[in-house]
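**Student:** My questions will all concern the structure given below.
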There are 2 protein chains.
Amino acid sequence: MNNYTEILRQHNLKATPQRLEITNALYTSGHISIENLYDVMLKKFNSISLATIYKNINLMLEASFIQEVKIPNEKSVYELTKETHSHIICDSCGEIRDIELNLDSVISNAAQSSNYNIKKSALILSGTCKNCQ
Amino acid sequence: MNNYTEILRQHNLKATPQRLEITNALYTSGHISIENLYDVMLKKFNSISLATIYKNINLMLEASFIQEVKIPNEKSVYELTKETHSHIICDSCGEIRDIELNLDSVISNAAQSSNYNIKKSALILSGTCKNCQ
DNA sequence: TATTAAAAGATAATAATTATCCTTTAAGTT
DNA sequence: AACTTAAAGGATAATTATTATCTTTTAATA
């Protein structure tokens, strides 16, 4: 039994073969767009419907099993929910990497100057990765 | 003469009445979505085409006269290009505010741990504004 | 194994965005 | 100030992205 079966169920999502494969694609790629996910899924399920992709992505988002990452000038990608982290994308090869950064002081500064009660942050950095430099 | 005429021209954009009004809407609102912009524009140009909105937004983006702001779980909004800044959005009333935050140390940490040559950052904070608390 | 609510697949419908084509106009030139 | 022309606007078709509908299949539980 795939170890994501239980986790899907914990999120009130039935562990269908399609969902396990979506999960696998997310896990393997780290970050994947709808169209890339559809391509990957077609290899395993030659008659999967695009509607199934959308429905599952939306249900998984609602269940907070996955997260959407909105990247400037790019299509959205999706990732399995994990510890809070930031993202860094290479403007040359397009690689998207997770990066753990401590934003505490930035957020406390922001809270002070804005009077907002800040709950979430989304930071996306971009530049050139080691390979592309 | 509206003071944005020259600035539009400096970006190789003809200063048409429609563009001046788009600019005015961006300036007045700070941040505006396509559909809200279309509504605002219709009040001044009762037969403006939605295609005109899209074409201009895209040309203005290419010319870096404006920027797109991608907000988690929200539609994109657009703003006039200005000094680098972050954004903070209220999850209750939806207010979007610019906020100047010093990300230097976060970025240098990120550069060090990722080996990326970082050029840009996009930080969006969310929470509850003073009024909504 | 039988039951059932939920999920998948096919596809229609809707929404968002872009392309096309013709008319109008901003901006430079005479 | 009229002339020229590339670019912009408007109308609308086409395309792309996303959601809804309906029927069949299946995961989960009894």
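Just so we're on the same page: first chain in the structure tokens is A, next is B, and so on; residues restart at 1 for each chain, and ligands are numbered from 1 in the order they show up.
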Quick one: residues within 12 Å of C:DT3, only C-alpha atoms (C1' of nucleotides) counted, chain neighbours fewer than 3 positions away excluded, as a CSV table (one decimal) with N, CA and C atoms (P, O5', C5', C4', C3', O3' and C1' of nucleotides), in the first residue's frame?
**Tutor:**
chain,number,residue,atom,x,y,z
D,27,DA,P,-11.4,1.4,-6.9
D,27,DA,O5',-11.2,2.1,-5.5
D,27,DA,C5',-11.3,3.6,-5.5
D,27,DA,C4',-11.8,4.0,-4.2
D,27,DA,C3',-11.2,3.3,-2.9
D,27,DA,O3',-11.1,4.3,-1.9
D,27,DA,C1',-13.6,2.8,-3.0
D,28,DA,P,-10.5,3.9,-0.5
D,28,DA,O5',-11.8,3.6,0.4
D,28,DA,C5',-12.7,4.7,0.6
D,28,DA,C4',-13.8,4.1,1.5
D,28,DA,C3',-13.4,3.3,2.7
D,28,DA,O3',-14.2,3.7,3.8
D,28,DA,C1',-14.9,2.1,1.4
D,29,DT,P,-13.8,3.4,5.3
D,29,DT,O5',-15.1,2.8,5.9
D,29,DT,C5',-16.3,3.3,5.5
D,29,DT,C4',-17.4,2.2,5.6
D,29,DT,C3',-17.1,1.2,6.7
D,29,DT,O3',-18.2,1.3,7.7
D,29,DT,C1',-17.8,0.1,4.7
D,30,DA,P,-18.4,0.1,8.9
D,30,DA,O5',-19.6,-0.7,8.2
D,30,DA,C5',-20.7,0.0,7.7
D,30,DA,C4',-21.7,-0.9,7.2
D,30,DA,C3',-22.2,-2.0,8.2
D,30,DA,O3',-23.5,-2.3,8.0
D,30,DA,C1',-21.1,-3.1,6.4
**Student:** Please list as number ranges by chain every residue within 10 Å of stretch 18-24 of chain C, counting only C-alpha atoms (C1' of nucleotides) and excluding residues in the same chain fewer than 4 positions away.
**Tutor:** B: 51, 54-55; D: 8-16
**Student:** Go ahead and dump the residues you just picked, N, CA and C atoms (P, O5', C5', C4', C3', O3' and C1' of nucleotides), as a compact mmCIF listing (two decimals), in the first residue's frame.
**Tutor:**
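Written output follows (again-v3.txt):
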# COMPACT_ATOMS: atom_id res chain seq x y z
N ALA B 51 -11.14 43.92 -25.27
CA ALA B 51 -9.87 43.64 -25.96
C ALA B 51 -8.88 44.79 -25.79
N TYR B 54 -7.23 44.39 -22.39
CA TYR B 54 -6.22 43.34 -22.40
C TYR B 54 -4.99 43.74 -23.20
N LYS B 55 -5.21 44.31 -24.39
CA LYS B 55 -4.06 44.69 -25.22
C LYS B 55 -3.20 45.71 -24.51
P DA D 8 0.43 51.29 -30.31
O5' DA D 8 -1.12 51.63 -30.27
C5' DA D 8 -1.52 52.99 -30.14
C4' DA D 8 -3.02 53.07 -30.19
C3' DA D 8 -3.73 52.06 -29.29
O3' DA D 8 -4.74 52.75 -28.58
C1' DA D 8 -4.52 51.87 -31.51
P DG D 9 -5.69 52.01 -27.59
O5' DG D 9 -7.04 52.00 -28.43
C5' DG D 9 -7.63 53.24 -28.79
C4' DG D 9 -8.96 52.99 -29.46
C3' DG D 9 -9.87 52.04 -28.69
O3' DG D 9 -11.20 52.57 -28.69
C1' DG D 9 -9.46 51.16 -30.87
P DG D 10 -12.33 51.88 -27.84
O5' DG D 10 -13.09 51.03 -28.96
C5' DG D 10 -13.72 51.73 -30.04
C4' DG D 10 -14.48 50.74 -30.89
C3' DG D 10 -15.34 49.75 -30.10
O3' DG D 10 -16.60 49.66 -30.75
C1' DG D 10 -13.81 48.58 -31.50
P DA D 11 -17.76 48.77 -30.12
O5' DA D 11 -17.76 47.51 -31.11
C5' DA D 11 -17.89 47.72 -32.52
C4' DA D 11 -17.86 46.38 -33.22
C3' DA D 11 -18.67 45.30 -32.49
O3' DA D 11 -19.45 44.60 -33.45
C1' DA D 11 -16.44 44.57 -32.81
P DT D 12 -20.45 43.43 -32.99
O5' DT D 12 -19.54 42.14 -33.19
C5' DT D 12 -18.82 41.97 -34.41
C4' DT D 12 -17.87 40.81 -34.27
C3' DT D 12 -18.44 39.60 -33.50
O3' DT D 12 -18.06 38.45 -34.20
C1' DT D 12 -16.35 40.10 -32.71
P DA D 13 -18.96 37.15 -34.26
O5' DA D 13 -17.92 36.11 -34.90
C5' DA D 13 -17.03 36.57 -35.92
C4' DA D 13 -15.71 35.84 -35.79
C3' DA D 13 -15.83 34.37 -35.44
O3' DA D 13 -14.91 33.64 -36.24
C1' DA D 13 -14.51 35.46 -33.80
P DA D 14 -14.75 32.06 -36.04
O5' DA D 14 -13.50 31.95 -35.07
C5' DA D 14 -12.28 32.58 -35.44
C4' DA D 14 -11.23 32.19 -34.43
C3' DA D 14 -11.23 30.71 -34.06
O3' DA D 14 -9.90 30.25 -34.18
C1' DA D 14 -11.37 32.07 -32.10
P DT D 15 -9.53 28.74 -33.78
O5' DT D 15 -8.93 28.93 -32.33
C5' DT D 15 -7.91 29.90 -32.12
C4' DT D 15 -7.60 29.97 -30.65
C3' DT D 15 -7.35 28.61 -30.00
O3' DT D 15 -6.07 28.67 -29.42
C1' DT D 15 -8.82 29.92 -28.69
P DT D 16 -5.42 27.37 -28.74
O5' DT D 16 -5.67 27.67 -27.20
C5' DT D 16 -5.29 28.94 -26.66
C4' DT D 16 -5.72 29.00 -25.23
C3' DT D 16 -5.48 27.72 -24.43
O3' DT D 16 -4.75 28.11 -23.28
C1' DT D 16 -7.69 28.48 -24.14
**Student:** For chain A, report every residue with an atom at most 8 Å from chain C (counting only C-alpha atoms (C1' of nucleotides)), formatted as a list in words.
**Tutor:**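 Applying the cut-off to the listed atoms yields Thr16, Ser47, Ile48, Ser49 and Thr52 of chain A.
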**Student:** Quick check, in Å to one decimal: how far apart do atom CA of A:Ile66 and atom CA of B:Ser126 lie?
**Tutor:**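 We find that atom CA of A:Ile66 and atom CA of B:Ser126 lie 18.8 Å from each other.
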**Student:** Write down, as a PyMOL selection string, each residue of chain B that has any atom within 10 Å of an atom of chain A, counting only C-alpha atoms.
**Tutor:** chain B and resi 67-73+76+86-91+97-103+105-107+109-111+113-133
**Student:** Which residues are near A:Gly30? Cut-off 10 Å, only C-alpha atoms (C1' of nucleotides), ignore same chain within fewer than 6 positions. Put them as number ranges by chain.
**Tutor:** A: 24, 77-80, 96-98
**Student:** Specify as a list in words all residues of chain D found within 12 Å of chain A, counting only C-alpha atoms (C1' of nucleotides).
**Tutor:**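 Going by the stated atoms only, the list reads DT16, DA17, DT18, DT19, DA20, DT21, DT25, DT26, DA27 and DA28 of chain D.
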**Student:** To test your reading of the structure, identify every residue in chain A that backbone DSSP assigns to helix (DSSP H, G or I), and report it as number ranges by chain.
**Tutor:** A: 4-10, 17-29, 34-44, 50-62, 104-114
